[in-house]
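Dumped coords22.csv below, it's CSV, C-alpha atoms and all ligand atoms:
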```
chain,number,residue,atom,x,y,z
I,1,GLY,CA,49.4,73.5,-76.3
I,2,ASP,CA,48.0,73.2,-72.8
I,3,VAL,CA,48.1,77.0,-72.0
I,4,ALA,CA,45.4,79.7,-72.4
I,5,VAL,CA,46.5,83.3,-71.9
I,6,LEU,CA,44.2,86.0,-70.6
I,7,VAL,CA,45.2,89.6,-71.7
I,8,PRO,CA,43.7,92.4,-69.6
I,9,ALA,CA,43.7,95.4,-72.0
I,10,ALA,CA,40.7,97.4,-70.9
I,11,GLY,CA,42.5,100.1,-68.9
I,12,ALA,CA,42.4,103.8,-69.8
I,13,GLY,CA,46.1,104.5,-69.4
I,14,VAL,CA,45.6,107.6,-67.2
I,15,ARG,CA,49.2,107.7,-66.1
I,16,LEU,CA,50.4,107.7,-69.8
I,17,GLY,CA,48.6,111.0,-70.4
I,18,PRO,CA,45.8,112.0,-72.7
I,19,GLY,CA,45.0,109.8,-75.7
I,20,ALA,CA,43.5,106.5,-76.7
I,21,PRO,CA,43.1,103.6,-74.2
I,22,LYS,CA,46.6,102.5,-73.3
I,23,ALA,CA,46.5,99.1,-75.1
I,24,LEU,CA,45.7,100.9,-78.3
I,25,ARG,CA,48.5,103.5,-78.0
I,26,LEU,CA,51.3,103.0,-80.6
I,27,LEU,CA,54.8,101.6,-80.1
I,28,GLY,CA,56.9,101.4,-83.2
I,29,GLY,CA,53.7,102.2,-85.2
I,30,GLU,CA,51.6,99.3,-83.8
I,31,PRO,CA,49.3,99.2,-80.8
I,32,LEU,CA,50.8,97.9,-77.5
I,33,LEU,CA,48.1,95.1,-77.6
I,34,VAL,CA,49.3,93.9,-80.9
I,35,HIS,CA,52.9,93.6,-79.6
I,36,ALA,CA,51.7,91.8,-76.5
I,37,VAL,CA,49.5,89.3,-78.3
I,38,ARG,CA,52.0,88.6,-81.0
I,39,ARG,CA,54.7,87.6,-78.4
I,40,VAL,CA,52.3,85.5,-76.3
I,41,ALA,CA,51.0,83.7,-79.4
I,42,ALA,CA,54.5,82.9,-80.5
I,43,ALA,CA,55.1,80.8,-77.4
I,44,PRO,CA,54.7,77.1,-78.5
I,45,SER,CA,52.6,76.1,-75.4
I,46,VAL,CA,49.9,78.7,-76.1
I,47,ALA,CA,46.6,77.2,-77.5
I,48,ALA,CA,44.2,80.1,-76.8
I,49,VAL,CA,44.3,83.8,-76.1
I,50,VAL,CA,41.4,85.8,-74.6
I,51,VAL,CA,41.6,89.6,-74.6
I,52,ALA,CA,39.6,91.9,-72.3
I,53,ALA,CA,39.2,95.1,-74.4
I,54,PRO,CA,37.8,98.5,-73.5
I,55,ALA,CA,34.0,98.0,-73.8
I,56,ALA,CA,33.7,100.6,-76.7
I,57,GLU,CA,36.6,98.9,-78.6
I,58,VAL,CA,35.6,95.3,-78.7
I,59,GLU,CA,34.9,95.3,-82.5
I,60,SER,CA,37.9,97.4,-83.4
I,61,VAL,CA,40.2,95.1,-81.3
I,62,ARG,CA,38.8,92.0,-83.0
I,63,ALA,CA,39.6,93.6,-86.4
I,64,LEU,CA,43.0,94.7,-85.1
I,65,LEU,CA,44.0,91.2,-84.0
I,66,ALA,CA,42.5,89.3,-86.9
I,67,ASP,CA,45.8,89.0,-88.7
I,68,VAL,CA,48.0,88.7,-85.6
I,69,ALA,CA,46.6,85.5,-83.9
I,70,PRO,CA,43.4,83.6,-83.3
I,71,VAL,CA,41.9,85.4,-80.2
I,72,VAL,CA,38.6,85.7,-78.4
I,73,VAL,CA,37.8,89.3,-77.5
I,74,VAL,CA,35.4,90.2,-74.6
I,75,PRO,CA,34.5,93.6,-73.0
I,76,GLY,CA,36.6,94.3,-69.9
I,77,GLY,CA,35.4,95.7,-66.6
I,78,ASP,CA,35.9,98.8,-64.4
I,79,THR,CA,38.9,97.2,-62.6
I,80,ARG,CA,41.7,95.0,-63.8
I,81,GLN,CA,40.4,92.2,-61.7
I,82,GLU,CA,36.9,92.5,-63.3
I,83,SER,CA,38.6,92.4,-66.7
I,84,VAL,CA,40.5,89.3,-65.9
I,85,ALA,CA,37.3,87.7,-64.5
I,86,ALA,CA,35.5,88.5,-67.8
I,87,ALA,CA,38.3,86.9,-69.8
I,88,LEU,CA,38.3,83.9,-67.6
I,89,ARG,CA,34.6,83.3,-68.2
I,90,ALA,CA,35.4,83.1,-72.0
I,91,VAL,CA,38.3,80.7,-71.9
I,92,PRO,CA,37.6,77.6,-74.1
I,93,ALA,CA,37.5,74.2,-72.5
I,94,GLY,CA,40.8,72.3,-72.6
I,95,PRO,CA,43.8,74.2,-71.4
I,96,GLN,CA,44.6,73.4,-67.8
I,97,ILE,CA,47.2,76.1,-67.4
I,98,ILE,CA,46.1,79.8,-67.4
I,99,LEU,CA,48.4,82.7,-67.7
I,100,VAL,CA,47.3,86.3,-67.1
I,101,HIS,CA,49.4,88.9,-69.0
I,102,ASP,CA,49.1,92.7,-69.1
I,103,ALA,CA,48.8,94.2,-72.5
I,104,ALA,CA,50.9,97.0,-71.0
I,105,ARG,CA,53.8,94.6,-70.8
I,106,ALA,CA,54.0,94.7,-74.6
I,107,LEU,CA,57.6,93.4,-74.9
I,108,ALA,CA,57.5,90.4,-72.6
I,109,PRO,CA,59.4,87.8,-74.6
I,110,PRO,CA,57.8,84.4,-75.6
I,111,ALA,CA,60.5,82.7,-73.6
I,112,LEU,CA,59.1,84.2,-70.4
I,113,VAL,CA,55.6,82.8,-71.3
I,114,GLU,CA,57.2,79.4,-71.7
I,115,SER,CA,59.2,79.5,-68.4
I,116,VAL,CA,56.1,80.6,-66.4
I,117,ALA,CA,54.0,77.9,-68.0
I,118,ALA,CA,56.7,75.3,-67.4
I,119,ALA,CA,56.8,76.0,-63.7
I,120,VAL,CA,53.0,75.5,-63.5
I,121,ARG,CA,53.3,72.3,-65.5
I,122,ALA,CA,56.0,71.1,-63.0
I,123,GLY,CA,53.4,71.3,-60.2
I,124,ALA,CA,53.2,74.9,-58.9
I,125,ASP,CA,49.7,76.3,-58.1
I,126,ALA,CA,50.7,79.8,-59.0
I,127,VAL,CA,53.8,81.3,-60.6
I,128,ILE,CA,55.0,84.9,-60.9
I,129,PRO,CA,58.0,86.3,-62.7
I,130,VAL,CA,60.0,88.6,-60.4
I,131,LEU,CA,63.1,90.9,-60.5
I,132,PRO,CA,65.2,92.1,-57.6
I,133,VAL,CA,64.4,95.6,-56.3
I,134,VAL,CA,67.3,97.9,-57.2
I,135,ASP,CA,66.4,101.1,-55.2
I,136,THR,CA,66.5,101.5,-51.5
I,137,VAL,CA,62.9,101.4,-50.4
I,138,LYS,CA,61.5,103.5,-47.4
I,139,GLU,CA,58.2,103.7,-45.7
I,140,VAL,CA,57.1,107.3,-45.6
I,141,SER,CA,54.3,109.1,-43.7
I,142,ALA,CA,51.6,111.1,-45.5
I,143,ASP,CA,53.4,114.3,-44.8
I,144,GLY,CA,56.7,113.0,-46.2
I,145,VAL,CA,58.7,111.9,-43.1
I,146,VAL,CA,60.6,108.7,-43.3
I,147,LEU,CA,59.2,106.0,-40.9
I,148,GLY,CA,61.7,103.3,-41.7
I,149,THR,CA,63.8,101.5,-44.3
I,150,VAL,CA,62.5,98.3,-45.7
I,151,GLU,CA,65.0,95.4,-45.9
I,152,ARG,CA,65.6,95.2,-49.6
I,153,SER,CA,67.1,91.8,-50.0
I,154,ALA,CA,63.7,90.1,-49.4
I,155,LEU,CA,61.8,92.3,-51.9
I,156,ARG,CA,60.9,91.5,-55.5
I,157,ALA,CA,59.2,93.5,-58.2
I,158,VAL,CA,56.4,91.4,-59.7
I,159,GLN,CA,55.6,91.2,-63.4
I,160,THR,CA,53.3,89.3,-65.7
I,161,PRO,CA,52.6,86.7,-67.3
I,162,GLN,CA,51.5,85.1,-64.0
I,163,GLY,CA,50.6,81.5,-64.3
I,164,PHE,CA,48.1,79.3,-62.6
I,165,ARG,CA,46.6,75.9,-62.5
I,166,ARG,CA,43.1,76.5,-64.0
I,167,ASP,CA,41.2,75.3,-61.0
I,168,VAL,CA,43.4,77.5,-58.7
I,169,LEU,CA,42.7,80.7,-60.7
I,170,ALA,CA,39.0,80.0,-61.0
I,171,ALA,CA,38.7,79.4,-57.2
I,172,ALA,CA,40.7,82.5,-56.4
I,173,HIS,CA,38.5,84.7,-58.6
I,174,ALA,CA,35.3,83.1,-57.3
I,175,ALA,CA,36.4,83.9,-53.7
I,176,ALA,CA,37.7,87.5,-54.5
I,177,VAL,CA,36.3,90.3,-52.4
I,178,ASP,CA,38.4,93.4,-52.8
I,179,ALA,CA,40.1,94.4,-56.0
I,180,LEU,CA,43.8,93.6,-56.1
I,181,THR,CA,46.4,94.7,-58.7
I,182,ASP,CA,47.5,91.1,-59.5
I,183,ASP,CA,46.0,87.6,-59.6
I,184,ALA,CA,48.6,85.9,-57.6
I,185,GLY,CA,47.5,88.1,-54.7
I,186,LEU,CA,44.1,86.5,-54.9
I,187,VAL,CA,45.7,83.1,-54.6
I,188,GLU,CA,47.8,84.3,-51.6
I,189,LYS,CA,44.5,85.4,-49.9
I,190,GLN,CA,43.2,81.9,-50.3
I,191,GLY,CA,46.2,80.5,-48.6
I,192,GLY,CA,47.7,79.2,-51.9
I,193,VAL,CA,51.4,78.9,-52.5
I,194,VAL,CA,52.9,81.3,-55.1
I,195,THR,CA,56.3,80.5,-56.5
I,196,CYS,CA,58.8,82.8,-58.3
I,197,VAL,CA,60.7,82.4,-61.6
I,198,PRO,CA,63.2,85.0,-62.9
I,199,GLY,CA,61.5,87.9,-64.7
I,200,SER,CA,62.7,89.8,-67.7
I,201,GLU,CA,63.6,93.5,-68.0
I,202,TYR,CA,61.8,93.5,-71.3
I,203,ALA,CA,58.5,92.7,-69.4
I,204,LEU,CA,58.5,96.2,-68.0
I,205,LYS,CA,55.0,97.6,-67.6
I,206,ILE,CA,54.5,100.6,-69.8
I,207,THR,CA,52.9,103.0,-67.3
I,208,ARG,CA,54.3,106.5,-67.8
I,209,PRO,CA,55.6,108.4,-70.9
I,210,PHE,CA,59.2,107.5,-69.9
I,211,ASP,CA,58.4,103.8,-70.1
I,212,LEU,CA,56.9,104.2,-73.6
I,213,ALA,CA,60.1,106.1,-74.7
I,214,LEU,CA,62.2,103.3,-73.2
I,215,ALA,CA,60.1,100.6,-75.0
I,216,GLU,CA,60.5,102.5,-78.3
I,217,HIS,CA,64.3,102.3,-77.8
I,218,LEU,CA,64.2,98.6,-76.9
I,219,LEU,CA,62.1,97.8,-79.9
I,220,ALA,CA,64.4,99.7,-82.3
I,221,THR,CA,67.6,98.3,-80.9
I,222,ALA,CA,67.1,94.9,-79.4
I,223,PRO,CA,63.6,93.6,-80.0
I,224,PRO,CA,62.9,90.5,-77.8
L,1,LIG,N1,43.3,96.8,-67.2
L,1,LIG,C1,42.1,96.2,-67.6
L,1,LIG,N2,40.9,96.7,-67.1
L,1,LIG,C2,40.9,97.7,-66.2
L,1,LIG,C3,42.1,98.3,-65.8
L,1,LIG,C4,43.3,97.8,-66.3
L,1,LIG,O1,42.1,95.3,-68.4
L,1,LIG,N3,39.7,98.2,-65.8
L,1,LIG,C5,44.6,96.3,-67.8
L,1,LIG,C6,45.3,97.4,-68.5
L,1,LIG,O2,44.8,97.5,-69.8
L,1,LIG,C7,46.7,96.9,-68.5
L,1,LIG,C8,46.8,96.1,-67.2
L,1,LIG,O3,45.5,95.9,-66.7
L,1,LIG,O4,47.1,96.1,-69.6
L,1,LIG,C9,47.7,96.7,-66.1
L,1,LIG,O5,47.0,97.9,-65.7
L,1,LIG,P1,47.7,99.4,-65.8
L,1,LIG,O6,49.1,99.3,-66.2
L,1,LIG,O7,47.3,100.1,-64.5
L,1,LIG,O8,46.9,100.1,-67.0
L,1,LIG,P2,45.8,101.2,-67.0
L,1,LIG,O9,44.8,100.9,-65.9
L,1,LIG,O10,45.3,101.3,-68.4
L,1,LIG,O11,46.7,102.5,-66.7
L,1,LIG,P3,46.3,103.6,-65.6
L,1,LIG,O12,46.3,102.9,-64.2
L,1,LIG,O13,47.5,104.6,-65.7
L,1,LIG,O14,45.0,104.3,-66.0
L,2,MG,MG,45.5,100.9,-63.8
```

Could you show the structure in this file as structure tokens?
Ligand code: CTP
Ligand code: MG
Amino acid sequence: GDVAVLVPAAGAGVRLGPGAPKALRLLGGEPLLVHAVRRVAAAPSVAAVVVAAPAAEVESVRALLADVAPVVVVPGGDTRQESVAAALRAVPAGPQIILVHDAARALAPPALVESVAAAVRAGADAVIPVLPVVDTVKEVSADGVVLGTVERSALRAVQTPQGFRRDVLAAAHAAAVDALTDDAGLVEKQGGVVTCVPGSEYALKITRPFDLALAEHLLATAPP
């Protein structure tokens, strides 16, 4: 394989409510991180996986993943971007395609990993999986008055795994100033071209309790 996958998993999961760090919360009896790493490692192109774990959980995460896939585990940082940067520093030499994939997107199918990697292999600098936005979207003032309606047809909701040529991701992180919520945004700021491939509804980000309930249902009925 020519692909290394970085898995940021160091977040607290504040929006999911009180409990363990989100990546360690259970879905079908297993931590979200186990689901995510198992699916990533099942993609034939993947040669290496680096997990950024909550700093206090590095040893427990190593033990947790020992029987799932060969992984490197490093302590994450205070922001997602710092966690990705920490994982990037630990990537082994070799793979020239790097994917970044949220542990919180625990059910993203291996086929999505392959399609993102294939688009980078075909020559793209940076690739993101996207879905159309289904709701009408409005811009609203701080006091709740509508300022305008955004033209929906040009909007996309962005998922992970996001894929990059290795040199492109390294340069984007080296140049990063403010923290962004995704890595393709860093490439955009550098003037790089980011291209889209079709996302997957299974790659939903488990953020709030409703998402976890939905993921439980998906896992029980139609596991990707
Ligand atoms: N993440 C990380 N390091 C951080 C913050 C987030 O590695 N300092 C990871 C999360 O573990 C998650 C992914 O980035 O896999 C996407 O972040 P998000 O869904 O916001 O997760 P949390 O930050 O854990 O959730 P919340 O914002 O509700 O606290
Ligand atoms: Mg967060």

List every protein, DNA or RNA residue that has at least one atom no more than 12 Å from (52.4, 100.6, -64.8) in the file's coordinates, counting all atoms listed in the file, and write the result as a PyMOL selection string.
chain I and resi 11-16+22-23+102-106+157-160+181-182+203-212

So how far away is atom CA of Val193 of chain I from atom CA of Asp178 of chain I, in Å?
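Interatomic distance here is 19.5 Å.
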
For ligand LIG 1 (chain L), which residue out of I:Arg152, I:Pro161, I:Val3, I:Gln96 is the nearest one, using all atoms listed in the file?
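Distance minimum relative to ligand LIG 1 (chain L) lands on I:Pro161.
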
Two-atom distance - atom CA of Val133 of chain I, atom C4 of ligand LIG 1 (chain L) (Å)
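These two atoms are separated by 23.5 Å.
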
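Comparing the minimum interatomic distances between Val50 of chain I and each of I:Ala20, I:Leu107, I:Val7, I:Ala172, counting only C-alpha atoms, we find that I:Val7 sits nearest.
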
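In this comparison, which uses all atoms listed in the file, the residue of I:Ala170, I:Val49, I:Leu155, I:Ala10 approaching Asp125 of chain I most closely is I:Ala170.
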
Go through I:Val113, I:Ala179, I:Leu219, I:Val61 one by one, measure the shortest atom-to-atom distance of each to ligand MG 2 (chain L) using only C-alpha atoms and all ligand atoms, and give the residue with the smallest value.
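Between I:Val113, I:Ala179, I:Leu219, I:Val61, the residue approaching ligand MG 2 (chain L) most closely is I:Ala179.
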
Residue among I:Ala122, I:Ala48, I:Ala53, I:Leu65 lying closest to His35 of chain I, counting all atoms listed in the file:
I:Leu65

My list of candidates is I:Glu82, I:Asp2, I:Asp67, I:Glu201. Which is closest to Leu180 of chain I when distances are computed with only C-alpha atoms?
I:Glu82

One number please: atom CA of Ala90 of chain I to atom CA of Ala9 of chain I, in Å, one decimal.
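Taking atom CA of Ala90 of chain I and atom CA of Ala9 of chain I, their separation equals 14.8 Å.
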
For the point (63.0, 89.4, -64.4) in the file's frame, write as a list in words all residues with an atom no more than 8 Å away, counting all atoms listed in the file.
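Here is the list of nearby residues: Pro129, Val130, Leu131, Pro132, Gln159, Val197, Pro198, Gly199, Ser200, Glu201 and Ala203 of chain I.
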
List the neighbours of Ser83 of chain I out to 8 Å using only C-alpha atoms; skip same-chain residues closer than 6 positions along the sequence, and give me the result as an NGL selection string.
:I and (8-10 or 52 or 75-77)

Within 9 Å of Ala41 of chain I, counting all atoms listed in the file, which residues qualify if same-chain residues fewer than 6 places away don't, as a list in words?
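Listing them by chain and then by number gives Val5, Ala47, Ala48, Val49, Val68, Ala69, Pro70 and Pro110 of chain I.
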